[in-house]
file structure.cif (mmCIF, C-alpha atoms and all ligand atoms)
data_structure
#
loop_
_atom_site.label_atom_id
_atom_site.label_comp_id
_atom_site.auth_asym_id
_atom_site.auth_seq_id
_atom_site.Cartn_x
_atom_site.Cartn_y
_atom_site.Cartn_z
CA MET N 1109 -1.98 28.85 -37.19
CA GLN N 1110 -1.02 25.42 -35.92
CA LYS N 1111 -3.55 22.67 -36.42
CA VAL N 1112 -3.80 20.27 -33.50
CA GLY N 1113 -5.85 17.09 -33.42
CA ILE N 1114 -7.10 15.27 -30.33
CA LEU N 1115 -7.86 11.55 -30.45
CA GLY N 1116 -10.90 11.03 -28.25
CA GLY N 1117 -13.69 13.42 -27.36
CA GLY N 1118 -14.46 12.78 -23.71
CA GLN N 1119 -14.22 15.17 -20.79
CA LEU N 1120 -10.44 15.35 -20.98
CA GLY N 1121 -10.70 16.53 -24.57
CA ARG N 1122 -13.40 18.98 -23.57
CA MET N 1123 -11.26 20.58 -20.86
CA LEU N 1124 -8.27 20.62 -23.19
CA LEU N 1125 -10.35 22.56 -25.69
CA GLN N 1126 -11.49 25.00 -23.03
CA ALA N 1127 -7.83 25.83 -22.43
CA ALA N 1128 -7.12 25.96 -26.19
CA ALA N 1129 -9.38 28.96 -26.50
CA ASN N 1130 -6.57 31.08 -24.97
CA TYR N 1131 -4.11 30.29 -27.75
CA PRO N 1132 -3.84 30.68 -31.51
CA VAL N 1133 -4.61 27.14 -32.57
CA ILE N 1134 -7.11 25.34 -34.80
CA THR N 1135 -8.49 22.26 -33.08
CA TYR N 1136 -9.69 18.94 -34.46
CA VAL N 1137 -11.34 16.07 -32.59
CA LEU N 1138 -11.76 12.46 -33.70
CA GLU N 1139 -14.44 10.48 -31.89
CA ASN N 1140 -17.17 7.95 -32.62
CA ASP N 1141 -19.95 9.73 -30.78
CA PRO N 1142 -21.24 12.98 -32.37
CA GLU N 1143 -22.67 14.06 -29.00
CA CYS N 1144 -19.45 13.47 -27.03
CA PRO N 1145 -18.32 16.08 -24.45
CA ALA N 1146 -15.71 17.60 -26.80
CA ALA N 1147 -17.81 17.67 -29.99
CA HIS N 1148 -19.04 21.24 -29.71
CA LEU N 1149 -15.89 22.94 -28.49
CA CYS N 1150 -13.50 22.15 -31.34
CA HIS N 1151 -13.20 23.86 -34.71
CA HIS N 1152 -13.47 20.60 -36.66
CA PHE N 1153 -15.18 17.47 -35.46
CA VAL N 1154 -14.46 14.23 -37.31
CA LEU N 1155 -16.64 11.21 -36.70
CA GLY N 1156 -14.62 8.01 -36.58
CA ASP N 1157 -12.99 5.23 -34.61
CA ILE N 1158 -9.75 6.17 -32.84
CA ARG N 1159 -8.75 2.47 -32.90
CA ASP N 1160 -8.91 2.17 -36.67
CA TYR N 1161 -5.63 2.54 -38.62
CA ASP N 1162 -6.97 4.31 -41.72
CA THR N 1163 -9.28 6.58 -39.74
CA VAL N 1164 -6.48 7.77 -37.44
CA TYR N 1165 -4.01 8.08 -40.31
CA ASN N 1166 -6.37 10.17 -42.46
CA PHE N 1167 -7.35 12.33 -39.49
CA GLY N 1168 -3.70 12.90 -38.58
CA ARG N 1169 -2.67 13.88 -42.11
CA GLN N 1170 -4.62 17.13 -41.93
CA VAL N 1171 -2.94 18.43 -38.74
CA ASP N 1172 0.55 19.48 -37.62
CA THR N 1173 0.32 18.02 -34.14
CA LEU N 1174 -1.61 15.23 -32.44
CA THR N 1175 -2.39 14.32 -28.88
CA ILE N 1176 -4.59 11.78 -27.11
CA GLU N 1177 -7.06 11.85 -24.29
CA ILE N 1178 -7.25 8.07 -23.96
CA GLU N 1179 -4.68 5.33 -24.57
CA SER N 1180 -6.83 2.99 -26.66
CA VAL N 1181 -5.88 4.55 -29.99
CA ASN N 1182 -4.26 3.09 -33.08
CA VAL N 1183 -0.54 3.41 -32.32
CA ASP N 1184 0.58 2.00 -35.69
CA ALA N 1185 -1.10 4.91 -37.46
CA LEU N 1186 0.50 7.36 -35.04
CA GLU N 1187 3.92 5.85 -35.72
CA ARG N 1188 3.49 6.31 -39.45
CA LEU N 1189 2.26 9.88 -38.98
CA GLU N 1190 5.25 10.63 -36.78
CA SER N 1191 7.60 9.28 -39.45
CA GLU N 1192 5.90 11.60 -41.92
CA GLY N 1193 6.56 14.65 -39.76
CA VAL N 1194 3.45 15.01 -37.61
CA LYS N 1195 4.37 15.83 -34.01
CA VAL N 1196 2.71 13.41 -31.62
CA TYR N 1197 2.37 13.96 -27.85
CA PRO N 1198 3.19 11.57 -26.27
CA ARG N 1199 5.54 9.90 -28.75
CA PRO N 1200 3.97 6.70 -30.12
CA ARG N 1201 6.81 4.60 -28.71
CA ALA N 1202 6.09 5.85 -25.18
CA LEU N 1203 2.40 5.30 -25.74
CA ARG N 1204 3.04 1.73 -26.86
CA THR N 1205 4.97 1.05 -23.66
CA ILE N 1206 2.22 2.42 -21.47
CA LYS N 1207 -0.84 1.23 -23.34
CA ASN N 1208 -0.27 -2.37 -22.36
CA LYS N 1209 0.10 -2.93 -18.62
CA ILE N 1210 2.46 -5.85 -19.24
CA HIS N 1211 4.83 -3.67 -21.27
CA GLN N 1212 4.44 -0.90 -18.75
CA LYS N 1213 5.46 -3.08 -15.81
CA LEU N 1214 8.39 -4.53 -17.77
CA PHE N 1215 9.50 -0.96 -18.51
CA TYR N 1216 9.56 -0.11 -14.78
CA LYS N 1217 11.54 -3.24 -14.12
CA GLU N 1218 14.02 -2.50 -16.89
CA LYS N 1219 14.53 1.06 -15.62
CA GLU N 1220 14.77 -0.17 -12.01
CA ILE N 1221 11.83 1.96 -10.98
CA PRO N 1222 10.25 0.62 -7.77
CA THR N 1223 6.91 -1.02 -8.58
CA ALA N 1224 4.98 -3.90 -6.98
CA PRO N 1225 6.64 -7.26 -7.79
CA PHE N 1226 4.80 -9.09 -10.57
CA ILE N 1227 4.74 -11.95 -13.01
CA VAL N 1228 3.19 -12.07 -16.47
CA VAL N 1229 0.51 -14.68 -17.19
CA GLU N 1230 -0.88 -15.52 -20.63
CA ASN N 1231 -4.32 -16.77 -19.63
CA ARG N 1232 -6.40 -18.38 -16.88
CA ALA N 1233 -4.79 -21.78 -17.34
CA ALA N 1234 -1.39 -20.21 -16.70
CA LEU N 1235 -2.74 -18.66 -13.52
CA GLU N 1236 -3.37 -22.12 -12.12
CA THR N 1237 0.32 -22.85 -12.16
CA HIS N 1238 0.98 -19.73 -10.06
CA LEU N 1239 -1.36 -20.27 -7.15
CA ALA N 1240 1.51 -19.66 -4.74
CA GLU N 1241 1.49 -16.00 -5.84
CA LEU N 1242 -2.00 -15.44 -4.42
CA PRO N 1243 -3.34 -13.25 -2.95
CA ALA N 1244 -2.46 -10.90 -5.79
CA VAL N 1245 -3.90 -8.25 -8.06
CA GLN N 1246 -4.62 -9.31 -11.62
CA LYS N 1247 -4.53 -6.57 -14.27
CA ILE N 1248 -5.31 -7.25 -17.91
CA GLY N 1249 -2.69 -6.07 -20.35
CA GLU N 1250 -4.99 -4.12 -22.62
CA GLY N 1251 -8.56 -2.94 -22.55
CA GLY N 1252 -9.10 -2.06 -18.88
CA TYR N 1253 -9.80 1.41 -17.55
CA ASP N 1254 -11.24 3.00 -14.39
CA GLY N 1255 -10.67 -0.18 -12.42
CA LYS N 1256 -12.53 -2.42 -14.91
CA GLY N 1257 -9.51 -4.51 -15.85
CA VAL N 1258 -8.24 -4.91 -12.30
CA GLN N 1259 -9.27 -7.40 -9.64
CA VAL N 1260 -7.93 -8.96 -6.49
CA LEU N 1261 -7.53 -12.75 -6.52
CA ARG N 1262 -7.55 -13.79 -2.85
CA GLY N 1263 -7.08 -17.50 -3.39
CA PRO N 1264 -7.76 -20.46 -5.74
CA GLU N 1265 -11.52 -19.99 -5.28
CA ASP N 1266 -11.29 -16.68 -7.18
CA LEU N 1267 -9.72 -18.24 -10.29
CA LYS N 1268 -13.08 -18.91 -11.93
CA ASN N 1269 -13.72 -15.15 -12.02
CA SER N 1270 -10.21 -14.23 -13.16
CA PHE N 1271 -9.52 -12.56 -16.51
CA ASP N 1272 -8.73 -15.16 -19.16
CA ALA N 1273 -6.31 -12.91 -21.02
CA PRO N 1274 -2.66 -11.85 -21.01
CA SER N 1275 -2.22 -10.00 -17.75
CA VAL N 1276 0.00 -8.96 -14.91
CA LEU N 1277 -0.23 -10.71 -11.56
CA GLU N 1278 1.01 -8.28 -9.00
CA LYS N 1279 1.78 -8.51 -5.27
CA LEU N 1280 -0.71 -6.73 -3.02
CA VAL N 1281 0.82 -3.56 -1.66
CA PRO N 1282 -0.29 -2.57 1.88
CA ILE N 1283 -1.40 0.82 0.60
CA LYS N 1284 -1.53 3.66 3.04
CA LYS N 1285 -2.09 6.38 0.49
CA GLU N 1286 -2.50 6.65 -3.25
CA LEU N 1287 -0.72 9.58 -4.82
CA ALA N 1288 -0.34 11.10 -8.24
CA VAL N 1289 2.42 13.35 -9.53
CA ILE N 1290 1.90 15.10 -12.84
CA VAL N 1291 4.99 16.05 -14.81
CA ALA N 1292 5.17 18.06 -18.01
CA THR N 1293 8.24 18.04 -20.21
CA ASN N 1294 8.88 19.88 -23.44
CA GLY N 1295 11.54 17.60 -24.83
CA ARG N 1296 14.20 20.31 -24.49
CA GLY N 1297 15.17 19.21 -21.01
CA GLU N 1298 12.70 21.46 -19.22
CA THR N 1299 10.21 19.94 -16.82
CA ALA N 1300 7.45 21.16 -14.54
CA ILE N 1301 6.26 19.05 -11.59
CA TYR N 1302 2.85 19.64 -10.06
CA PRO N 1303 2.39 19.28 -6.30
CA ALA N 1304 1.46 15.67 -5.45
CA THR N 1305 -2.23 14.84 -5.23
CA GLU N 1306 -3.62 12.38 -2.70
CA MET N 1307 -6.48 10.19 -3.86
CA VAL N 1308 -9.13 8.47 -1.82
CA PHE N 1309 -11.04 5.68 -3.53
CA HIS N 1310 -14.60 4.42 -3.41
CA PRO N 1311 -14.33 0.89 -2.01
CA GLU N 1312 -17.02 -0.67 -4.23
CA LEU N 1313 -16.86 1.14 -7.55
CA ASN N 1314 -13.07 1.36 -7.44
CA LEU N 1315 -13.59 4.84 -8.79
CA LEU N 1316 -11.98 7.92 -7.34
CA ASP N 1317 -13.99 9.33 -4.44
CA TYR N 1318 -12.22 12.59 -3.74
CA GLN N 1319 -8.70 13.94 -3.97
CA LEU N 1320 -6.64 16.49 -2.11
CA CYS N 1321 -3.78 18.64 -3.24
CA PRO N 1322 -1.12 19.11 -2.01
CA ALA N 1323 -1.04 15.58 -0.58
CA ASP N 1324 -0.67 15.33 3.19
CA ILE N 1325 2.56 13.30 3.28
CA PRO N 1326 5.97 13.60 4.94
CA ARG N 1327 8.52 15.63 3.01
CA GLU N 1328 10.70 12.58 2.42
CA THR N 1329 7.76 10.73 0.88
CA LEU N 1330 7.10 13.64 -1.44
CA TRP N 1331 10.72 13.68 -2.53
CA LYS N 1332 10.61 9.96 -3.27
CA ALA N 1333 7.35 10.34 -5.20
CA GLU N 1334 8.75 13.20 -7.25
CA ALA N 1335 12.00 11.37 -7.93
CA LEU N 1336 10.11 8.28 -9.13
CA ALA N 1337 7.81 10.35 -11.33
CA MET N 1338 10.86 11.97 -12.91
CA MET N 1339 12.48 8.57 -13.49
CA VAL N 1340 9.35 7.41 -15.30
CA VAL N 1341 9.15 10.50 -17.48
CA ARG N 1342 12.86 10.46 -18.31
CA GLY N 1343 12.65 6.77 -19.15
CA LEU N 1344 9.77 7.31 -21.55
CA GLU N 1345 11.82 9.82 -23.56
CA SER N 1346 8.87 11.78 -24.80
CA PRO N 1347 7.64 15.33 -24.51
CA GLY N 1348 4.12 15.77 -23.19
CA ILE N 1349 2.32 15.56 -19.90
CA PHE N 1350 2.35 12.47 -17.71
CA ALA N 1351 0.38 11.51 -14.60
CA VAL N 1352 2.35 9.05 -12.50
CA GLU N 1353 0.21 7.18 -9.99
CA LEU N 1354 2.02 5.93 -6.91
CA PHE N 1355 1.38 3.99 -3.73
CA MET N 1356 2.76 4.96 -0.35
CA ASP N 1357 2.88 1.85 1.82
CA SER N 1358 2.63 1.53 5.58
CA ARG N 1359 6.43 1.90 5.90
CA GLY N 1360 6.53 5.10 3.91
CA ASP N 1361 8.03 3.39 0.86
CA VAL N 1362 6.80 4.61 -2.50
CA TRP N 1363 5.99 2.46 -5.55
CA VAL N 1364 4.92 3.41 -9.03
CA ASN N 1365 1.52 1.94 -9.83
CA GLU N 1366 0.89 3.18 -13.35
CA THR N 1367 1.37 6.12 -15.65
CA ALA N 1368 -1.00 7.96 -17.95
CA PRO N 1369 0.79 9.71 -20.85
CA ARG N 1370 -1.79 12.48 -21.02
CA VAL N 1371 -3.91 14.85 -18.99
CA HIS N 1372 -5.53 12.96 -16.14
CA ASN N 1373 -8.34 12.99 -13.60
CA SER N 1374 -5.80 13.51 -10.81
CA GLY N 1375 -5.03 16.95 -12.29
CA HIS N 1376 -8.48 18.43 -12.79
CA HIS N 1377 -8.11 20.67 -9.74
CA THR N 1378 -5.21 22.43 -11.49
CA ILE N 1379 -7.75 24.36 -13.59
CA GLU N 1380 -8.53 26.60 -10.63
CA ALA N 1381 -5.94 25.60 -8.02
CA ALA N 1382 -2.69 25.91 -10.01
CA PHE N 1383 -1.19 28.85 -11.89
CA SER N 1384 -0.99 26.85 -15.08
CA SER N 1385 -3.49 24.00 -15.36
CA GLN N 1386 -2.51 20.61 -16.76
CA PHE N 1387 -4.50 21.52 -19.87
CA ASP N 1388 -2.83 24.91 -20.28
CA MET N 1389 0.51 23.19 -19.73
CA LEU N 1390 -0.03 20.67 -22.52
CA TRP N 1391 -0.85 23.48 -24.98
CA ARG N 1392 2.34 25.26 -23.96
CA VAL N 1393 4.28 22.06 -24.66
CA MET N 1394 2.58 21.40 -28.00
CA LEU N 1395 2.69 24.98 -29.27
CA GLY N 1396 6.31 25.51 -28.27
CA TYR N 1397 5.72 28.12 -25.55
CA PRO N 1398 7.57 28.29 -22.21
CA LEU N 1399 6.28 25.85 -19.61
CA GLY N 1400 3.76 27.28 -17.13
CA ASN N 1401 3.98 27.48 -13.36
CA PRO N 1402 2.63 24.25 -11.83
CA ASP N 1403 2.57 25.56 -8.24
CA ALA N 1404 -0.63 25.54 -6.23
CA ARG N 1405 -2.38 28.86 -5.77
CA GLN N 1406 -4.28 27.36 -2.83
CA PRO N 1407 -4.95 23.90 -1.38
CA SER N 1408 -7.84 22.16 -3.08
CA ALA N 1409 -10.13 19.17 -2.97
CA LEU N 1410 -11.81 17.55 -5.92
CA LEU N 1411 -14.90 15.42 -6.09
CA ASN N 1412 -16.01 13.47 -9.12
CA ILE N 1413 -19.70 13.74 -9.92
CA VAL N 1414 -20.74 10.20 -10.86
CA GLY N 1415 -24.07 8.71 -11.84
CA ALA N 1416 -26.05 7.59 -8.76
CA ASP N 1417 -26.91 3.92 -8.29
CA GLY N 1418 -30.25 2.89 -9.70
CA PHE N 1419 -30.53 5.68 -12.28
CA SER N 1420 -29.99 5.35 -16.02
CA GLY N 1421 -31.21 7.74 -18.71
CA ASP N 1422 -31.37 11.50 -19.28
CA ALA N 1423 -29.21 13.08 -16.58
CA LYS N 1424 -30.65 15.41 -13.93
CA TYR N 1425 -28.52 17.11 -11.31
CA ASP N 1426 -30.20 17.01 -7.93
CA GLY N 1427 -28.82 19.59 -5.46
CA LEU N 1428 -26.85 21.51 -8.07
CA ASP N 1429 -28.13 24.93 -6.96
CA ASP N 1430 -26.90 24.34 -3.42
CA VAL N 1431 -23.41 23.57 -4.63
CA LEU N 1432 -23.39 26.50 -7.06
CA LYS N 1433 -24.27 28.81 -4.15
CA MET N 1434 -21.10 27.87 -2.27
CA GLY N 1435 -18.46 30.56 -2.54
CA ASN N 1436 -15.37 28.41 -3.04
CA THR N 1437 -16.56 25.71 -5.45
CA PHE N 1438 -16.10 25.32 -9.18
CA VAL N 1439 -18.59 23.04 -10.88
CA HIS N 1440 -17.74 21.25 -14.13
CA LEU N 1441 -20.45 19.30 -15.92
CA TYR N 1442 -19.15 17.36 -18.90
CA GLY N 1443 -22.23 17.67 -21.09
CA LYS N 1444 -23.04 13.95 -21.15
CA LYS N 1445 -26.71 13.55 -21.97
CA THR N 1446 -27.29 10.23 -20.27
CA THR N 1447 -26.22 8.92 -16.90
CA LYS N 1448 -25.66 5.43 -15.57
CA PRO N 1449 -24.40 4.18 -12.20
CA GLY N 1450 -20.78 5.19 -11.70
CA ARG N 1451 -20.42 7.15 -14.95
CA LYS N 1452 -18.22 10.22 -14.60
CA MET N 1453 -20.57 13.12 -15.33
CA GLY N 1454 -18.57 16.03 -13.96
CA HIS N 1455 -16.47 17.21 -11.06
CA VAL N 1456 -16.42 19.87 -8.36
CA THR N 1457 -13.22 21.58 -7.27
CA LEU N 1458 -13.08 23.30 -3.88
CA VAL N 1459 -10.34 25.70 -2.95
CA GLY N 1460 -9.52 27.00 0.51
CA LYS N 1461 -6.73 27.34 3.03
CA ASP N 1462 -7.91 24.79 5.58
CA ARG N 1463 -7.59 21.14 4.53
CA GLN N 1464 -9.94 19.83 7.23
CA GLU N 1465 -12.56 22.26 6.05
CA LEU N 1466 -12.08 21.13 2.43
CA VAL N 1467 -12.54 17.48 3.38
CA TYR N 1468 -15.62 18.29 5.41
CA GLN N 1469 -17.09 20.33 2.60
CA ALA N 1470 -16.35 17.60 0.05
CA GLY N 1471 -18.41 15.25 2.23
CA VAL N 1472 -21.27 17.74 2.33
CA ILE N 1473 -21.24 18.11 -1.46
CA LYS N 1474 -21.12 14.36 -1.93
CA LYS N 1475 -24.39 14.07 -0.02
CA LEU N 1476 -26.00 17.12 -1.65
CA LEU N 1477 -25.30 16.52 -5.31
CA ARG N 1478 -26.73 13.48 -7.05
CA VAL N 1479 -26.99 12.56 -10.69
CA ILE N 1480 -30.34 10.95 -11.29
CA ALA N 1481 -32.50 10.34 -14.35
P1 LIG G 1501 -6.85 1.40 -13.51
O1 LIG G 1501 -5.88 1.52 -14.63
O2 LIG G 1501 -8.10 0.69 -13.94
O3 LIG G 1501 -7.08 2.67 -12.77
P2 LIG G 1501 -5.00 0.54 -11.39
O4 LIG G 1501 -3.84 -0.26 -11.79
O5 LIG G 1501 -4.76 1.97 -11.07
O6 LIG G 1501 -6.17 0.37 -12.48
O7 LIG G 1501 -5.68 -0.14 -10.16
C1 LIG G 1501 -6.92 0.32 -9.63
C2 LIG G 1501 -6.86 0.32 -8.12
O8 LIG G 1501 -6.62 -0.99 -7.61
C3 LIG G 1501 -5.73 1.16 -7.56
O9 LIG G 1501 -6.07 2.51 -7.50
C4 LIG G 1501 -5.55 0.53 -6.19
O10 LIG G 1501 -6.52 1.02 -5.28
C5 LIG G 1501 -5.81 -0.93 -6.45
N1 LIG G 1501 -4.52 -1.64 -6.70
C6 LIG G 1501 -3.88 -1.71 -7.88
N2 LIG G 1501 -2.71 -2.40 -7.76
C7 LIG G 1501 -2.60 -2.76 -6.47
C8 LIG G 1501 -1.64 -3.50 -5.69
N3 LIG G 1501 -0.53 -4.02 -6.25
N4 LIG G 1501 -1.88 -3.68 -4.38
C9 LIG G 1501 -3.00 -3.20 -3.81
N5 LIG G 1501 -3.95 -2.52 -4.47
C10 LIG G 1501 -3.78 -2.29 -5.78
#

call {"tool": "encode", "arguments": {"input": "structure.cif", "output": "structure tokens"}}
result
Amino acid sequence: MQKVGILGGGQLGRMLLQAAANYPVITYVLENDPECPAAHLCHHFVLGDIRDYDTVYNFGRQVDTLTIEIESVNVDALERLESEGVKVYPRPRALRTIKNKIHQKLFYKEKEIPTAPFIVVENRAALETHLAELPAVQKIGEGGYDGKGVQVLRGPEDLKNSFDAPSVLEKLVPIKKELAVIVATNGRGETAIYPATEMVFHPELNLLDYQLCPADIPRETLWKAEALAMMVVRGLESPGIFAVELFMDSRGDVWVNETAPRVHNSGHHTIEAAFSSQFDMLWRVMLGYPLGNPDARQPSALLNIVGADGFSGDAKYDGLDDVLKMGNTFVHLYGKKTTKPGRKMGHVTLVGKDRQELVYQAGVIKKLLRVIA
């Protein structure tokens, strides 16, 4: 049986392992936290730092295939493992391009993929020489996630709070909608494109509020979004699964925002709402099976369950019974022991024919279900 290792043991790893149970595969997880969401679902759990060269190298030597559930891994070790015959999804070179937002934006530019205009700045002092670019969005090259490395600089008064690190300074896009298109490719020229997802964001936490699939967008916009997602995936020249996040602006133009070279939050609904989920799809790619069917079985909405404000400690799920009683919901709790404000603790997928009804119901669930301590 093939041995497959996952770098990172969060909820993405957990859901990947749930899908692995359908296939003949021995699973390994590398993660620092012995109580992480994926720790109890794999065959072999290895405690260690995914950013450390020797740790990743030694972990990778015992498996045939490796994948990631987060970008902040040691790419040098992956490159060496690849050269020694371990199959790595995505390829380390593609991961290197994406891992750093500066490299990622330069890649879009090089491939002539529409993305918000930007400049690269080395530090805060360099920002001061580019005040004419403001207002703009500053994104640190490495180390940010879930909106933590991204902020809007409205004018010179915001400089004191800017990131003092190599970063991208990007023009503000008048965003009308945020979309994501997930593409799987097996490296033999075959690809599967999931229906576009539309994402609605929480204005304060900058964390996903709810998402809808298929996205409610004109056909031409969908075509553009799909074409751009394909350009990104072709350009990266790597098998695997990729979530391409895009903006639709007020004129209907579409821009690539960023790409995740892995399973992604924007695809969680595919577990119940697609024929082959993003997790199932990645196993098919890694194990050499035919690609699955990415089509939607029904429209769906997805709500992240995040830690409520003002509560930190052992997690309790207030209102859970009410949500579990609903006939068209699927509840996923990630098994995280402790909660804190904004922490992703789980998600709820709703399926149904009527989009309005799904949105309404998502609002009801948002009020009902709270993670407290
Ligand atoms: P992260 O990698 O932390 O998710 P993103 O690059 O996706 O960061 O940015 C987070 C959010 O910030 C986006 O979802 C979007 O709402 C907003 N944002 C990012 N870039 C721009 C931009 N150029 N113009 C306007 N808003 C932006």

call {"tool": "closest_residue", "arguments": {"input": "structure.cif", "among": "N:Ser1191, N:Thr1457, N:Asn1140, N:Thr1447", "to": "Thr1163 in chain N", "atoms": "all atoms listed in the file"}}
result
N:Asn1140

call {"tool": "atom_distance", "arguments": {"input": "structure.cif", "atom1": "CA of Glu1366 in chain N", "atom2": "atom P1 of ligand LIG 1501 (chain G)"}}
result
7.9 Å

call {"tool": "residues_near_ligand", "arguments": {"input": "structure.cif", "ligand": "ligand LIG 1501 (chain G)", "cutoff": "7 Å", "atoms": "all atoms listed in the file", "output": "MDAnalysis selection string"}}
result
chainID N and resid 1224 1245 1247 1252:1258 1278:1283 1286 1309 1314 1365:1366

call {"tool": "closest_residue", "arguments": {"input": "structure.cif", "among": "N:Val1340, N:Gln1119, N:Phe1438, N:Tyr1197", "to": "Arg1451 in chain N", "atoms": "only C-alpha atoms"}}
result
N:Gln1119

call {"tool": "closest_atom_pairs", "arguments": {"input": "structure.cif", "of": "range 1236-1325 of chain N", "to": "range 1396-1406 of chain N", "cutoff": "10 Å", "atoms": "all atoms listed in the file", "output": "tab-separated table"}}
result
residue	atom	partner	partner_atom	distance
N:Ile1290	CA	N:Pro1402	CA	9.2
N:Val1291	CA	N:Pro1402	CA	9.0
N:Ala1292	CA	N:Leu1399	CA	8.0
N:Thr1293	CA	N:Leu1399	CA	8.1
N:Asn1294	CA	N:Leu1399	CA	7.6
N:Glu1298	CA	N:Leu1399	CA	7.8
N:Thr1299	CA	N:Leu1399	CA	7.6
N:Ala1300	CA	N:Pro1402	CA	6.3
N:Ile1301	CA	N:Pro1402	CA	6.3
N:Tyr1302	CA	N:Pro1402	CA	4.9
N:Pro1303	CA	N:Asp1403	CA	6.6
N:Cys1321	CA	N:Ala1404	CA	8.2
N:Pro1322	CA	N:Ala1404	CA	7.7

call {"tool": "write_last_selection", "arguments": {"input": "structure.cif", "atoms": "C-alpha atoms", "output": "compact mmCIF listing (two decimals), in the frame of the given file"}}
result
# COMPACT_ATOMS: atom_id res chain seq x y z
CA ILE N 1290 1.90 15.10 -12.84
CA VAL N 1291 4.99 16.05 -14.81
CA ALA N 1292 5.17 18.06 -18.01
CA THR N 1293 8.24 18.04 -20.21
CA ASN N 1294 8.88 19.88 -23.44
CA GLU N 1298 12.70 21.46 -19.22
CA THR N 1299 10.21 19.94 -16.82
CA ALA N 1300 7.45 21.16 -14.54
CA ILE N 1301 6.26 19.05 -11.59
CA TYR N 1302 2.85 19.64 -10.06
CA PRO N 1303 2.39 19.28 -6.30
CA CYS N 1321 -3.78 18.64 -3.24
CA PRO N 1322 -1.12 19.11 -2.01

call {"tool": "atom_distance", "arguments": {"input": "structure.cif", "atom1": "CA of Pro1142 in chain N", "atom2": "CA of Thr1367 in chain N"}}
result
28.9 Å
